[in-house]
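Read the structure below first, then the notes.
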Amino acid sequence: MTSNKAKLMDGTALAARLLADAKTKVDNIHQSTGVTPTLATVLVGDDPASATYVRMKRKRCEDAGMKSLLLELPQGTGTEELVGEIEKLAADESVHGILVQHPVPAPIDKRTAFEAIPVEKDVDGVTSGTLGRVILGMPGFAACTPKGIMRLLDEYNVELDGSHAVVIGRSPILGRPMASMLINRHATVTLCHSRTRSLPSLVRHADVVIAAVGKPRFVKGGWIKVGATVIDAGYNPGNIGDVDFEGAIEPCSLITPVPGGVGPMTIATLIGQTADAAVQQ
Ligand code: NAP
């Protein structure tokens, strides 16, 4: 019988290795070209959670030897104004990646703002161009959370080919690209959302469960098939995931803790993609 501790997928440790690799890449770029890879982050409004995420990402950026620019815009900024600022960053050759922190507050049309980011600078993987490439399995950037999850699944040698994966959540930055990445690796994917009927019985058939719902402890331990791999992308106030961890750890074979699972992988993927963007540009 596997001990509960052996079932944990350690995103913190893997992310630290990926960040060290990114730092080596950044140092090499700097030494050979004099260029410092640069991520520009746009933060609109005064949401404290968004400000915390931005601080965390900027810190990791600087740890990896990259430059981090921050553009802060006030609450009430309009779509046109935000698009104008993104276009300036898009034209700036010293900026290699652009991140618009989301959620962006009303009245901004988030999709219009995201689409102003050129695909070659879309290191957060939010544009329709990036999603299209992910769906078609083309090389390039991808939404950071699902890409980080795929890396974690590979690190733990989770068999995807022929497996049944159930993804709960269909957002453009998480559930949808996640489902595409799994399909591209030959999993059979059931993509669930708020209108899905009989969710527990679908999850009961899953070899791999990806919870991306945004509701604390939403996925119950009793839904998990014995031996399944459980990925909890949820990050709710109080460091609580979307999975009932205590209930799920018994039947599962592998599970990501919250915190320390998916979260660090998201940031490491962002940093890695920014380093890659600098290499490509
Ligand atoms: P989102 O845009 O709010 O999407 C949530 C999805 O869950 C929607 O597709 C929604 O369905 C579905 N859903 C809601 N209630 C449901 C129900 N009762 N049954 C089945 N599906 C239901 O959220 P998101 O941006 O994808 O984020 C999801 C979670 O991941 C959140 O906890 C967020 O904090 C976390 N997250 C973590 C990271 C990280 O780095 N760790 C990064 C991004 C997000 P409908 O489409 O039908 O509304």
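All residue names refer to the structure tokens as shown: chains lettered A, B, ... in order, residues numbered from 1 in each chain, ligands numbered from 1 in order.
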Near ligand 1, 10 Å: chain A residue rows, closest pairs, only C-alpha atoms and all ligand atoms, as JSON lines:
```
{"residue": "A:Tyr53", "atom": "CA", "partner": "ligand 1", "partner_atom_place_in_ligand_line": "40 (O)", "distance": 9.3}
{"residue": "A:His102", "atom": "CA", "partner": "ligand 1", "partner_atom_place_in_ligand_line": "25 (O)", "distance": 8.7}
{"residue": "A:Pro103", "atom": "CA", "partner": "ligand 1", "partner_atom_place_in_ligand_line": "25 (O)", "distance": 8.5}
{"residue": "A:Ala143", "atom": "CA", "partner": "ligand 1", "partner_atom_place_in_ligand_line": "43 (C)", "distance": 9.3}
{"residue": "A:Cys144", "atom": "CA", "partner": "ligand 1", "partner_atom_place_in_ligand_line": "40 (O)", "distance": 7.7}
{"residue": "A:Thr145", "atom": "CA", "partner": "ligand 1", "partner_atom_place_in_ligand_line": "42 (C)", "distance": 5.5}
{"residue": "A:Pro146", "atom": "CA", "partner": "ligand 1", "partner_atom_place_in_ligand_line": "42 (C)", "distance": 8.6}
{"residue": "A:Gly148", "atom": "CA", "partner": "ligand 1", "partner_atom_place_in_ligand_line": "40 (O)", "distance": 8.8}
{"residue": "A:Ile149", "atom": "CA", "partner": "ligand 1", "partner_atom_place_in_ligand_line": "41 (N)", "distance": 9.6}
{"residue": "A:Val167", "atom": "CA", "partner": "ligand 1", "partner_atom_place_in_ligand_line": "21 (N)", "distance": 9.1}
{"residue": "A:Ile168", "atom": "CA", "partner": "ligand 1", "partner_atom_place_in_ligand_line": "21 (N)", "distance": 5.5}
{"residue": "A:Gly169", "atom": "CA", "partner": "ligand 1", "partner_atom_place_in_ligand_line": "6 (C)", "distance": 3.6}
{"residue": "A:Arg170", "atom": "CA", "partner": "ligand 1", "partner_atom_place_in_ligand_line": "9 (O)", "distance": 3.7}
{"residue": "A:Ser171", "atom": "CA", "partner": "ligand 1", "partner_atom_place_in_ligand_line": "26 (O)", "distance": 4.4}
{"residue": "A:Pro172", "atom": "CA", "partner": "ligand 1", "partner_atom_place_in_ligand_line": "26 (O)", "distance": 7.2}
{"residue": "A:Ile173", "atom": "CA", "partner": "ligand 1", "partner_atom_place_in_ligand_line": "26 (O)", "distance": 6.2}
{"residue": "A:Leu174", "atom": "CA", "partner": "ligand 1", "partner_atom_place_in_ligand_line": "26 (O)", "distance": 4.8}
{"residue": "A:Gly175", "atom": "CA", "partner": "ligand 1", "partner_atom_place_in_ligand_line": "26 (O)", "distance": 6.0}
{"residue": "A:Arg176", "atom": "CA", "partner": "ligand 1", "partner_atom_place_in_ligand_line": "9 (O)", "distance": 8.6}
{"residue": "A:Leu191", "atom": "CA", "partner": "ligand 1", "partner_atom_place_in_ligand_line": "9 (O)", "distance": 9.2}
{"residue": "A:Cys192", "atom": "CA", "partner": "ligand 1", "partner_atom_place_in_ligand_line": "20 (C)", "distance": 5.8}
{"residue": "A:His193", "atom": "CA", "partner": "ligand 1", "partner_atom_place_in_ligand_line": "21 (N)", "distance": 3.4}
{"residue": "A:Ser194", "atom": "CA", "partner": "ligand 1", "partner_atom_place_in_ligand_line": "22 (C)", "distance": 3.7}
{"residue": "A:Arg195", "atom": "CA", "partner": "ligand 1", "partner_atom_place_in_ligand_line": "47 (O)", "distance": 5.6}
{"residue": "A:Thr196", "atom": "CA", "partner": "ligand 1", "partner_atom_place_in_ligand_line": "20 (C)", "distance": 6.2}
{"residue": "A:Arg197", "atom": "CA", "partner": "ligand 1", "partner_atom_place_in_ligand_line": "19 (N)", "distance": 8.6}
{"residue": "A:Ser198", "atom": "CA", "partner": "ligand 1", "partner_atom_place_in_ligand_line": "19 (N)", "distance": 9.6}
{"residue": "A:Leu199", "atom": "CA", "partner": "ligand 1", "partner_atom_place_in_ligand_line": "19 (N)", "distance": 7.1}
{"residue": "A:Pro200", "atom": "CA", "partner": "ligand 1", "partner_atom_place_in_ligand_line": "19 (N)", "distance": 9.7}
{"residue": "A:Ile210", "atom": "CA", "partner": "ligand 1", "partner_atom_place_in_ligand_line": "30 (O)", "distance": 9.9}
{"residue": "A:Ala211", "atom": "CA", "partner": "ligand 1", "partner_atom_place_in_ligand_line": "29 (C)", "distance": 7.4}
{"residue": "A:Ala212", "atom": "CA", "partner": "ligand 1", "partner_atom_place_in_ligand_line": "28 (C)", "distance": 4.0}
{"residue": "A:Val213", "atom": "CA", "partner": "ligand 1", "partner_atom_place_in_ligand_line": "7 (O)", "distance": 3.5}
{"residue": "A:Gly214", "atom": "CA", "partner": "ligand 1", "partner_atom_place_in_ligand_line": "32 (O)", "distance": 3.1}
{"residue": "A:Lys215", "atom": "CA", "partner": "ligand 1", "partner_atom_place_in_ligand_line": "32 (O)", "distance": 6.2}
{"residue": "A:Pro216", "atom": "CA", "partner": "ligand 1", "partner_atom_place_in_ligand_line": "32 (O)", "distance": 7.6}
{"residue": "A:Phe218", "atom": "CA", "partner": "ligand 1", "partner_atom_place_in_ligand_line": "18 (N)", "distance": 7.9}
{"residue": "A:Val219", "atom": "CA", "partner": "ligand 1", "partner_atom_place_in_ligand_line": "19 (N)", "distance": 9.2}
{"residue": "A:Asp232", "atom": "CA", "partner": "ligand 1", "partner_atom_place_in_ligand_line": "30 (O)", "distance": 8.0}
{"residue": "A:Ala233", "atom": "CA", "partner": "ligand 1", "partner_atom_place_in_ligand_line": "30 (O)", "distance": 4.8}
{"residue": "A:Gly234", "atom": "CA", "partner": "ligand 1", "partner_atom_place_in_ligand_line": "32 (O)", "distance": 3.4}
{"residue": "A:Tyr235", "atom": "CA", "partner": "ligand 1", "partner_atom_place_in_ligand_line": "34 (O)", "distance": 4.0}
{"residue": "A:Asn236", "atom": "CA", "partner": "ligand 1", "partner_atom_place_in_ligand_line": "32 (O)", "distance": 5.3}
{"residue": "A:Pro237", "atom": "CA", "partner": "ligand 1", "partner_atom_place_in_ligand_line": "34 (O)", "distance": 8.5}
{"residue": "A:Asn239", "atom": "CA", "partner": "ligand 1", "partner_atom_place_in_ligand_line": "34 (O)", "distance": 9.8}
{"residue": "A:Ile240", "atom": "CA", "partner": "ligand 1", "partner_atom_place_in_ligand_line": "32 (O)", "distance": 8.6}
{"residue": "A:Gly241", "atom": "CA", "partner": "ligand 1", "partner_atom_place_in_ligand_line": "32 (O)", "distance": 6.8}
{"residue": "A:Asp242", "atom": "CA", "partner": "ligand 1", "partner_atom_place_in_ligand_line": "32 (O)", "distance": 6.3}
{"residue": "A:Val258", "atom": "CA", "partner": "ligand 1", "partner_atom_place_in_ligand_line": "41 (N)", "distance": 8.4}
{"residue": "A:Pro259", "atom": "CA", "partner": "ligand 1", "partner_atom_place_in_ligand_line": "41 (N)", "distance": 8.3}
{"residue": "A:Gly260", "atom": "CA", "partner": "ligand 1", "partner_atom_place_in_ligand_line": "41 (N)", "distance": 9.2}
{"residue": "A:Gly261", "atom": "CA", "partner": "ligand 1", "partner_atom_place_in_ligand_line": "41 (N)", "distance": 7.9}
{"residue": "A:Val262", "atom": "CA", "partner": "ligand 1", "partner_atom_place_in_ligand_line": "41 (N)", "distance": 5.0}
{"residue": "A:Gly263", "atom": "CA", "partner": "ligand 1", "partner_atom_place_in_ligand_line": "41 (N)", "distance": 3.6}
{"residue": "A:Pro264", "atom": "CA", "partner": "ligand 1", "partner_atom_place_in_ligand_line": "40 (O)", "distance": 6.9}
{"residue": "A:Met265", "atom": "CA", "partner": "ligand 1", "partner_atom_place_in_ligand_line": "40 (O)", "distance": 7.2}
{"residue": "A:Thr266", "atom": "CA", "partner": "ligand 1", "partner_atom_place_in_ligand_line": "40 (O)", "distance": 4.8}
{"residue": "A:Ile267", "atom": "CA", "partner": "ligand 1", "partner_atom_place_in_ligand_line": "40 (O)", "distance": 6.9}
{"residue": "A:Ala268", "atom": "CA", "partner": "ligand 1", "partner_atom_place_in_ligand_line": "40 (O)", "distance": 9.9}
{"residue": "A:Thr269", "atom": "CA", "partner": "ligand 1", "partner_atom_place_in_ligand_line": "40 (O)", "distance": 9.9}
```
Selection near region 184-189 of chain A, 8 Å with only C-alpha atoms, sequence-local residues under 6 positions removed, as a short mmCIF file (atom, residue, chain, number, x, y, z; two decimals) with all heavy atoms, in the first residue's frame:
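Output contents, as saved in result-v4.cif:
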```cif
data_model
loop_
_atom_site.label_atom_id
_atom_site.label_comp_id
_atom_site.auth_asym_id
_atom_site.auth_seq_id
_atom_site.Cartn_x
_atom_site.Cartn_y
_atom_site.Cartn_z
N ILE A 135 -4.64 23.92 -29.35
CA ILE A 135 -5.64 22.94 -29.80
C ILE A 135 -5.07 22.09 -30.94
O ILE A 135 -5.25 20.87 -30.97
CB ILE A 135 -6.94 23.66 -30.25
CG1 ILE A 135 -7.66 24.25 -29.03
CG2 ILE A 135 -7.87 22.69 -31.00
CD1 ILE A 135 -8.82 25.17 -29.36
N GLY A 137 -2.00 21.46 -31.46
CA GLY A 137 -0.76 20.79 -31.07
C GLY A 137 0.46 21.40 -31.74
O GLY A 137 1.48 20.73 -31.95
N LEU A 160 -0.94 8.78 -19.90
CA LEU A 160 -2.06 9.53 -20.46
C LEU A 160 -2.65 8.83 -21.68
O LEU A 160 -3.86 8.84 -21.91
CB LEU A 160 -1.61 10.95 -20.84
CG LEU A 160 -1.13 11.80 -19.66
CD1 LEU A 160 -0.58 13.14 -20.15
CD2 LEU A 160 -2.28 12.04 -18.67
N ASP A 161 -1.79 8.21 -22.46
CA ASP A 161 -2.21 7.54 -23.69
C ASP A 161 -3.29 6.50 -23.37
O ASP A 161 -3.06 5.57 -22.61
CB ASP A 161 -0.96 6.85 -24.28
CG ASP A 161 -1.17 6.46 -25.73
OD1 ASP A 161 -2.31 6.12 -26.10
OD2 ASP A 161 -0.19 6.49 -26.48
N GLY A 162 -4.48 6.70 -23.93
CA GLY A 162 -5.57 5.75 -23.71
C GLY A 162 -6.31 5.91 -22.39
O GLY A 162 -7.28 5.19 -22.14
N SER A 163 -5.87 6.84 -21.56
CA SER A 163 -6.53 7.01 -20.26
C SER A 163 -7.82 7.83 -20.44
O SER A 163 -8.03 8.47 -21.47
CB SER A 163 -5.60 7.74 -19.28
OG SER A 163 -5.46 9.09 -19.68
N HIS A 164 -8.66 7.80 -19.41
CA HIS A 164 -9.85 8.66 -19.41
C HIS A 164 -9.61 9.82 -18.45
O HIS A 164 -9.39 9.61 -17.26
CB HIS A 164 -11.10 7.87 -18.98
CG HIS A 164 -12.34 8.72 -18.97
ND1 HIS A 164 -13.42 8.46 -18.17
CD2 HIS A 164 -12.66 9.84 -19.66
CE1 HIS A 164 -14.34 9.39 -18.37
NE2 HIS A 164 -13.91 10.22 -19.29
N ALA A 165 -9.59 11.03 -18.99
CA ALA A 165 -9.38 12.21 -18.15
C ALA A 165 -10.68 12.99 -18.05
O ALA A 165 -11.36 13.20 -19.06
CB ALA A 165 -8.29 13.09 -18.76
N VAL A 166 -11.03 13.41 -16.84
CA VAL A 166 -12.18 14.28 -16.65
C VAL A 166 -11.67 15.64 -16.19
O VAL A 166 -10.99 15.74 -15.17
CB VAL A 166 -13.17 13.68 -15.63
CG1 VAL A 166 -14.24 14.70 -15.25
CG2 VAL A 166 -13.84 12.43 -16.21
N VAL A 167 -11.96 16.67 -16.99
CA VAL A 167 -11.56 18.03 -16.67
C VAL A 167 -12.82 18.76 -16.21
O VAL A 167 -13.83 18.77 -16.93
CB VAL A 167 -10.95 18.75 -17.91
CG1 VAL A 167 -10.57 20.18 -17.58
CG2 VAL A 167 -9.76 17.97 -18.45
#
```
(request) Report as a list in words: the residues of region 42-118 of chain A with a DSSP assignment of strand (DSSP E or B), based on the backbone of this structure. (result)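 Assigned to strand (DSSP E or B), within region 42-118 of chain A: Val42, Leu43, Val44, Lys67, Ser68, Leu69, Leu70, Leu71, Glu72, Leu73, Gly97, Ile98, Leu99 and Val100 of chain A.
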Could those residues be written to a file, using C-alpha atoms, as an mmCIF file, in the first residue's frame?
```cif
data_model
loop_
_atom_site.group_PDB
_atom_site.id
_atom_site.type_symbol
_atom_site.label_atom_id
_atom_site.label_comp_id
_atom_site.auth_asym_id
_atom_site.auth_seq_id
_atom_site.Cartn_x
_atom_site.Cartn_y
_atom_site.Cartn_z
ATOM 1 C CA VAL A 42 -0.132 45.260 -16.516
ATOM 2 C CA LEU A 43 -2.213 45.567 -13.361
ATOM 3 C CA VAL A 44 -5.538 47.388 -13.545
ATOM 4 C CA LYS A 67 13.718 42.369 -15.681
ATOM 5 C CA SER A 68 10.169 42.925 -14.492
ATOM 6 C CA LEU A 69 8.302 46.056 -15.557
ATOM 7 C CA LEU A 70 5.041 46.966 -13.858
ATOM 8 C CA LEU A 71 2.407 49.190 -15.415
ATOM 9 C CA GLU A 72 -0.330 50.076 -12.928
ATOM 10 C CA LEU A 73 -3.560 51.545 -14.256
ATOM 11 C CA GLY A 97 6.617 39.029 -22.697
ATOM 12 C CA ILE A 98 3.366 40.758 -21.708
ATOM 13 C CA LEU A 99 1.136 39.672 -18.855
ATOM 14 C CA VAL A 100 -2.233 41.316 -18.211
#
```
(message) Considering only C-alpha atoms, can you say which of A:Met56, A:Cys61, A:Val208, A:Val83 comes closest to Thr256 (chain A)?
(response)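 So, comparing all the options, the nearest one is A:Val208.
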(request) Can you work out the spacing between CA of Glu87 (chain A) and CA of Lys121 (chain A) in Å, to one decimal? (result)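 Separation of CA of Glu87 (chain A) and CA of Lys121 (chain A): 11.3 Å.
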(message) Give me the residues near region 14-22 of chain A as a list of chain:residue names, where near means some atom within 7 Å (using only C-alpha atoms) and where sequence neighbours in that chain fewer than 3 positions away do not count.
(response)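 Those residues are A:Asp10, A:Gly11, A:Lys25, A:Val26, A:Ala64, A:Pro264, A:Met265, A:Ala268, A:Ile271, A:Gly272, A:Ala275.
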(request) Record the distance separating CA of Leu136 (chain A) and CA of Leu89 (chain A), expressed in Å with one decimal. (result)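 We find that CA of Leu136 (chain A) and CA of Leu89 (chain A) lie 27.8 Å from each other.
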(request) List every residue of region 32-265 of chain A that DSSP, applied to the backbone of this structure, places in alpha helix (DSSP H), and write the result as number ranges by chain. (result) A: 32-33, 48-63, 79-91, 110-115, 128-135, 144-155, 175-184, 199-203, 245-248, 262-265
(message) So the first atom is CA of Leu152 (chain A) and the second is CA of Val119 (chain A); what is the distance between them in Å, to one decimal place?
(response)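 So the two atoms, CA of Leu152 (chain A) and CA of Val119 (chain A), lie 24.7 Å apart.
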(request) Pick out the residues sitting within 12 Å of Ala6 (chain A), and hand them over as a PyMOL selection string; count only C-alpha atoms, and ignore anything fewer than 2 positions along from it in its own chain. (result) chain A and resi 1-4+8-10+156+249-250+252-257
Would you put the residues from that selection into a file with all heavy atoms, as a CSV table (one decimal), in the first residue's frame?
```csv
chain,number,residue,atom,x,y,z
A,1,MET,N,0.8,-1.2,0.0
A,1,MET,CA,0.0,0.0,0.0
A,1,MET,C,0.9,1.3,0.0
A,1,MET,O,1.9,1.3,0.7
A,1,MET,CB,-0.9,0.0,1.2
A,1,MET,CG,-2.2,0.7,1.0
A,1,MET,SD,-3.4,0.4,2.3
A,1,MET,CE,-2.8,1.5,3.6
A,2,THR,N,0.6,2.2,-0.9
A,2,THR,CA,1.4,3.5,-0.9
A,2,THR,C,1.0,4.4,0.3
A,2,THR,O,-0.2,4.5,0.6
A,2,THR,CB,1.0,4.2,-2.2
A,2,THR,OG1,0.9,3.3,-3.3
A,2,THR,CG2,2.1,5.2,-2.5
A,3,SER,N,2.0,4.9,0.9
A,3,SER,CA,1.8,5.9,2.0
A,3,SER,C,1.2,7.2,1.4
A,3,SER,O,1.4,7.5,0.3
A,3,SER,CB,3.0,6.2,2.8
A,3,SER,OG,3.8,7.1,2.1
A,4,ASN,N,0.4,7.8,2.3
A,4,ASN,CA,-0.2,9.1,1.8
A,4,ASN,C,0.9,10.1,1.3
A,4,ASN,O,0.7,10.8,0.4
A,4,ASN,CB,-1.1,9.7,2.9
A,4,ASN,CG,-2.4,8.9,3.0
A,4,ASN,OD1,-2.7,8.1,2.1
A,4,ASN,ND2,-3.2,9.2,4.0
A,8,LEU,N,1.9,12.4,-2.9
A,8,LEU,CA,1.9,13.9,-3.1
A,8,LEU,C,2.8,14.2,-4.4
A,8,LEU,O,3.9,13.8,-4.5
A,8,LEU,CB,2.4,14.7,-1.9
A,8,LEU,CG,1.6,14.5,-0.7
A,8,LEU,CD1,2.2,15.4,0.5
A,8,LEU,CD2,0.1,15.0,-0.9
A,9,MET,N,2.2,15.0,-5.2
A,9,MET,CA,3.0,15.5,-6.4
A,9,MET,C,3.5,16.9,-6.0
A,9,MET,O,2.8,17.9,-5.8
A,9,MET,CB,2.0,15.6,-7.6
A,9,MET,CG,1.4,14.3,-8.0
A,9,MET,SD,0.2,14.5,-9.3
A,9,MET,CE,1.1,14.3,-10.8
A,10,ASP,N,4.9,16.9,-5.9
A,10,ASP,CA,5.5,18.1,-5.3
A,10,ASP,C,5.8,19.2,-6.4
A,10,ASP,O,6.8,19.1,-7.1
A,10,ASP,CB,6.8,17.6,-4.6
A,10,ASP,CG,7.5,18.7,-3.8
A,10,ASP,OD1,7.1,19.9,-4.0
A,10,ASP,OD2,8.3,18.4,-3.0
A,156,TYR,N,5.8,12.8,-13.0
A,156,TYR,CA,5.4,11.6,-12.2
A,156,TYR,C,4.9,10.4,-13.1
A,156,TYR,O,4.3,9.5,-12.6
A,156,TYR,CB,4.2,12.0,-11.2
A,156,TYR,CG,4.8,12.8,-10.1
A,156,TYR,CD1,5.0,14.2,-10.2
A,156,TYR,CD2,5.2,12.2,-8.9
A,156,TYR,CE1,5.6,14.9,-9.1
A,156,TYR,CE2,5.7,12.9,-7.8
A,156,TYR,CZ,5.9,14.2,-7.9
A,156,TYR,OH,6.5,14.9,-6.9
A,249,ILE,N,-7.3,11.6,-0.8
A,249,ILE,CA,-6.0,11.1,-0.8
A,249,ILE,C,-6.0,9.5,-0.6
A,249,ILE,O,-5.1,8.8,-1.0
A,249,ILE,CB,-5.1,11.8,0.3
A,249,ILE,CG1,-3.6,11.4,0.1
A,249,ILE,CG2,-5.6,11.4,1.7
A,249,ILE,CD1,-2.7,12.4,0.6
A,250,GLU,N,-7.0,9.0,0.1
A,250,GLU,CA,-7.1,7.6,0.3
A,250,GLU,C,-7.3,6.8,-1.0
A,250,GLU,O,-6.4,6.0,-1.3
A,250,GLU,CB,-8.3,7.3,1.3
A,250,GLU,CG,-8.1,6.2,2.3
A,250,GLU,CD,-6.7,6.1,2.9
A,250,GLU,OE1,-6.3,7.1,3.6
A,250,GLU,OE2,-6.0,5.2,2.6
A,252,CYS,N,-6.9,7.8,-4.2
A,252,CYS,CA,-6.1,8.2,-5.3
A,252,CYS,C,-4.7,7.5,-5.3
A,252,CYS,O,-4.3,7.0,-4.2
A,252,CYS,CB,-5.9,9.7,-5.4
A,252,CYS,SG,-4.7,10.3,-4.2
A,253,SER,N,-4.0,7.6,-6.4
A,253,SER,CA,-2.6,7.1,-6.4
A,253,SER,C,-1.6,8.3,-6.3
A,253,SER,O,-0.5,8.2,-5.8
A,253,SER,CB,-2.3,6.2,-7.6
A,253,SER,OG,-2.4,6.9,-8.7
A,254,LEU,N,-2.1,9.4,-6.9
A,254,LEU,CA,-1.3,10.6,-6.8
A,254,LEU,C,-2.2,11.8,-6.7
A,254,LEU,O,-3.3,11.8,-7.3
A,254,LEU,CB,-0.5,10.8,-8.1
A,254,LEU,CG,0.7,9.9,-8.4
A,254,LEU,CD1,1.2,10.0,-9.8
A,254,LEU,CD2,1.9,10.3,-7.4
A,255,ILE,N,-1.7,12.9,-6.0
A,255,ILE,CA,-2.6,14.1,-5.8
A,255,ILE,C,-1.7,15.3,-5.7
A,255,ILE,O,-0.6,15.2,-5.1
A,255,ILE,CB,-3.6,13.9,-4.6
A,255,ILE,CG1,-4.6,15.1,-4.6
A,255,ILE,CG2,-2.8,13.7,-3.3
A,255,ILE,CD1,-5.8,14.8,-3.6
A,256,THR,N,-2.1,16.4,-6.2
A,256,THR,CA,-1.4,17.7,-5.9
A,256,THR,C,-1.9,18.3,-4.7
A,256,THR,O,-3.1,18.5,-4.5
A,256,THR,CB,-1.6,18.7,-7.1
A,256,THR,OG1,-2.9,18.9,-7.3
A,256,THR,CG2,-0.9,18.2,-8.4
A,257,PRO,N,-1.0,18.7,-3.7
A,257,PRO,CA,-1.5,19.5,-2.6
A,257,PRO,C,-1.8,20.9,-2.9
A,257,PRO,O,-1.3,21.4,-4.0
A,257,PRO,CB,-0.3,19.4,-1.6
A,257,PRO,CG,0.9,19.3,-2.5
A,257,PRO,CD,0.4,18.6,-3.8
```
